[in-house]
Amino acid sequence: AATAPWAAATSCPTPTPPSRRGCTWKARPRQRRAGGLVAGRRGTLVWDVRLPVSVTMATGRGWILQQHSLGLARAAAAPQRLAPPALPSALSSAAPRPGRGSFAGRLRKRSGIFTDMSAKLSETQNICIQRHCQKTSMKSKSCPCIESMPSEILLKIFSYLDAVSLLYIGCVNKRFYHLANDNVIWFKMYSSFFPPKRTNWKTNSVERTAVLLSDATIQDRESGYWKNEYIMKQIAAGKTRIIQLLKPINPYTGLPLKTKEAIKAYRLSWVIVLKDRNGKEHIIEQVDISFNDTSITVFWYGTNWPCLDTLSTLELCGVTPLLLDQCKVPTKNRPRRRSLIAEFNLTNLTKVTTMIGSDMLVQLFRLNPGLLVGLWKKGNGIAFVMASLHHHQLIERSTLGSAAIQYILPPHKAILDDVDPEYGLHGYQLHIDMHSGGHTYLCGTFHNLFCRKDYIRNGYLRLTVISIKNNSQHLPLAGKVGFFWRTDVFEGNVQNCYVMDVTLLDETEKPFWCFSAPVYMKLSSKASCLYDYMGYNYDLNYVDSEGKVHVELVWVEETKEYYIVNLVLYLSTEKVNRWFGTKY
């Protein structure tokens, strides 16, 4: 009753139990008693030091407890013991009992640890973090680790996982990768999804057949053989279903009728891979997509763009789930395959690439084929990226390539015709679509386009779609023409810019020349020779390796709309000769 006991705790690797009165050697869990506080974990050896009443009354019991516990924790976390600091006046003024020495001497002999009286709040936070790390390390040493298990037990555990989980496990470390490629596990999974063909009514079950086949063939295969077989069979099964969706053909465009349904069934998406000069990759996931008549438009925007000056290339890739049947919910964390569609050079983008338009916030730069990069006017940073992808063989180009090699289209076999002297010069059919941001300005189909031999000049065949001399063929563009863009915060409209889709079919109604690209109208410098239209004249030109498109438009002030008065296609004679086997 004459003393007010208190206790503080610390772990001691090689303790020496005290023998004097006032200190007891205990092993107890953390608890609070009526006579004082005993700190420590269950099974941990702790010191129970009892002080006289005069000391605790002079310095304050709570302050002593707090400072002493902080000092103990700091000393336990330090790599070596610190020199003992000077004690406060309250402790030094306390008279030592005869034959027992000073209070500081008793603490030095019994614990060897002293309290730092000038502890700060930031130090207490570090002490809590270090104490938590010590507890975690001690728990990890006492708990069994899965990596220390024998391979036989791990293989038994892995046998209960599905294919996606096994692929995840293989990314942990080298040992798990080899165990996750076990042929027995993958052959059992292969047999359950693709059972062997049965020729008799009375046959063994799938599991029995898998066991018999495993004894004969599995052990002779290299590691990971049945894993690759399973993945390739899953990919082939998914392609078969997609091909069935792409069989119906639209008679007006000559393209698959259910391209949108096939994209959703294949869970196909698109990403752009930005590479800097050091080889580091920045993968940007698609944010928005819009489906048009003969193309799709994909947008990427956000706030995590890398600096444009450090980028060297941009890769446009199609992304599909590796295992289609086991990916019901599309997510970027699932195993996926990438197929390279196009690669663009971003070095000196503003100096080499042509700017097709701008507004108060952004500038638009076009990179063929079909890519548009929007840069902020202030800061010259990337605002958004847009890709316009034509439906023609879009599924094949987005799925059949690899991450480094583009898919090469199969060569066209020319069908010779010795009867028609103008074979390859007539029977063309054009489907054209002009749109932007969900607004369609023009969508039409033109039949029976032809070119005479006299019109073949400078290596091009001329196909006149809309004649400038025939007023009945002139067509208006509906709505306010402009390119609509948006980001997380801003949106805008760049005037006289939009996306143009061209689909040209040959006389057998097969796609001959297809593209989808952003275009812009430029004020013409030529004087107008039209007397029926009073207004400004504009020109629109598109050029690639297979042909050219030339469009002339007139702005009619009375109706506030553009009229197409001339539309001409120029086809490369090399393309025509290669396609039809001719020699023009």
# chains A, B, ... in the order shown; residues from 1 in each chain; ligands from 1

call {"tool": "residues_around", "arguments": {"residues": "Val489 (chain A)", "least_positions_apart": "6", "cutoff": "12 Å", "atoms": "only C-alpha atoms", "output": "list in words"}}
result
Tyr301, Gly302, Thr303, Leu361, Ala383 and Phe384 of chain A

call {"tool": "residues_around", "arguments": {"residues": "Ile263 (chain A)", "least_positions_apart": "3", "cutoff": "12 Å", "atoms": "only C-alpha atoms", "output": "NGL selection string"}}
result
:A and (238-239 or 241-243 or 245-246 or 256-260 or 266-270 or 289 or 291 or 296 or 318-320 or 391 or 393-396 or 398-399)

call {"tool": "select_by_dssp", "arguments": {"residues": "region 304-427 of chain A", "states": "alpha helix (DSSP H)", "output": "ChimeraX atom specification"}}
result
/A:349-352,394-399

call {"tool": "write_last_selection", "arguments": {"atoms": "C-alpha atoms", "output": "CSV table (one decimal), in the first residue's frame"}}
result
chain,number,residue,atom,x,y,z
A,349,LEU,CA,5.4,16.0,-84.3
A,350,THR,CA,4.6,19.7,-84.6
A,351,LYS,CA,7.3,20.3,-87.2
A,352,VAL,CA,6.8,17.3,-89.5
A,394,LEU,CA,-10.8,-4.7,-88.8
A,395,ILE,CA,-11.3,-7.8,-86.7
A,396,GLU,CA,-8.4,-9.6,-88.4
A,397,ARG,CA,-6.0,-6.7,-88.0
A,398,SER,CA,-7.0,-6.2,-84.4
A,399,THR,CA,-6.7,-9.9,-83.3

call {"tool": "residues_around", "arguments": {"residues": "Val549 (chain A)", "least_positions_apart": "6", "cutoff": "8 Å", "atoms": "only C-alpha atoms", "output": "PDB file with N, CA, C and O atoms, in the first residue's frame"}}
result
ATOM      1  N   LEU A 540     -11.019  19.955-100.579  1.00  0.00           N
ATOM      2  CA  LEU A 540     -10.706  18.876 -99.642  1.00  0.00           C
ATOM      3  C   LEU A 540      -9.913  17.823-100.398  1.00  0.00           C
ATOM      4  O   LEU A 540     -10.367  17.345-101.461  1.00  0.00           O
ATOM      5  N   ASN A 541      -8.739  17.447 -99.898  1.00  0.00           N
ATOM      6  CA  ASN A 541      -7.880  16.488-100.575  1.00  0.00           C
ATOM      7  C   ASN A 541      -7.379  15.441 -99.588  1.00  0.00           C
ATOM      8  O   ASN A 541      -7.022  15.754 -98.440  1.00  0.00           O
ATOM      9  N   TYR A 542      -7.371  14.206-100.073  1.00  0.00           N
ATOM     10  CA  TYR A 542      -6.817  13.090 -99.304  1.00  0.00           C
ATOM     11  C   TYR A 542      -5.956  12.249-100.245  1.00  0.00           C
ATOM     12  O   TYR A 542      -6.369  11.963-101.376  1.00  0.00           O
ATOM     13  N   VAL A 543      -4.751  11.841 -99.759  1.00  0.00           N
ATOM     14  CA  VAL A 543      -3.818  11.083-100.586  1.00  0.00           C
ATOM     15  C   VAL A 543      -3.226   9.960 -99.745  1.00  0.00           C
ATOM     16  O   VAL A 543      -2.832  10.181 -98.581  1.00  0.00           O
ATOM     17  N   LEU A 567     -16.707  15.825-106.963  1.00  0.00           N
ATOM     18  CA  LEU A 567     -16.127  14.718-106.206  1.00  0.00           C
ATOM     19  C   LEU A 567     -15.491  13.753-107.202  1.00  0.00           C
ATOM     20  O   LEU A 567     -16.189  13.157-108.029  1.00  0.00           O
ATOM     21  N   VAL A 568     -14.175  13.594-107.107  1.00  0.00           N
ATOM     22  CA  VAL A 568     -13.432  12.775-108.050  1.00  0.00           C
ATOM     23  C   VAL A 568     -12.497  11.853-107.270  1.00  0.00           C
ATOM     24  O   VAL A 568     -11.818  12.295-106.325  1.00  0.00           O
ATOM     25  N   LEU A 569     -12.444  10.569-107.687  1.00  0.00           N
ATOM     26  CA  LEU A 569     -11.515   9.590-107.141  1.00  0.00           C
ATOM     27  C   LEU A 569     -10.422   9.313-108.164  1.00  0.00           C
ATOM     28  O   LEU A 569     -10.707   9.157-109.364  1.00  0.00           O
ATOM     29  N   TYR A 570      -9.197   9.205-107.692  1.00  0.00           N
ATOM     30  CA  TYR A 570      -8.063   8.855-108.538  1.00  0.00           C
ATOM     31  C   TYR A 570      -7.451   7.562-108.000  1.00  0.00           C
ATOM     32  O   TYR A 570      -6.952   7.526-106.860  1.00  0.00           O
TER      33      TYR A 570
END

call {"tool": "closest_residue", "arguments": {"among": "A:Gly254, A:Gly437, A:Gly370, A:Pro411", "to": "Glu491 (chain A)", "atoms": "only C-alpha atoms"}}
result
A:Gly437

call {"tool": "residues_around", "arguments": {"residues": "Leu461 (chain A)", "least_positions_apart": "3", "cutoff": "12 Å", "atoms": "only C-alpha atoms", "output": "PyMOL selection string"}}
result
chain A and resi 424-426+428+449-458+464+546-549+568-577+584
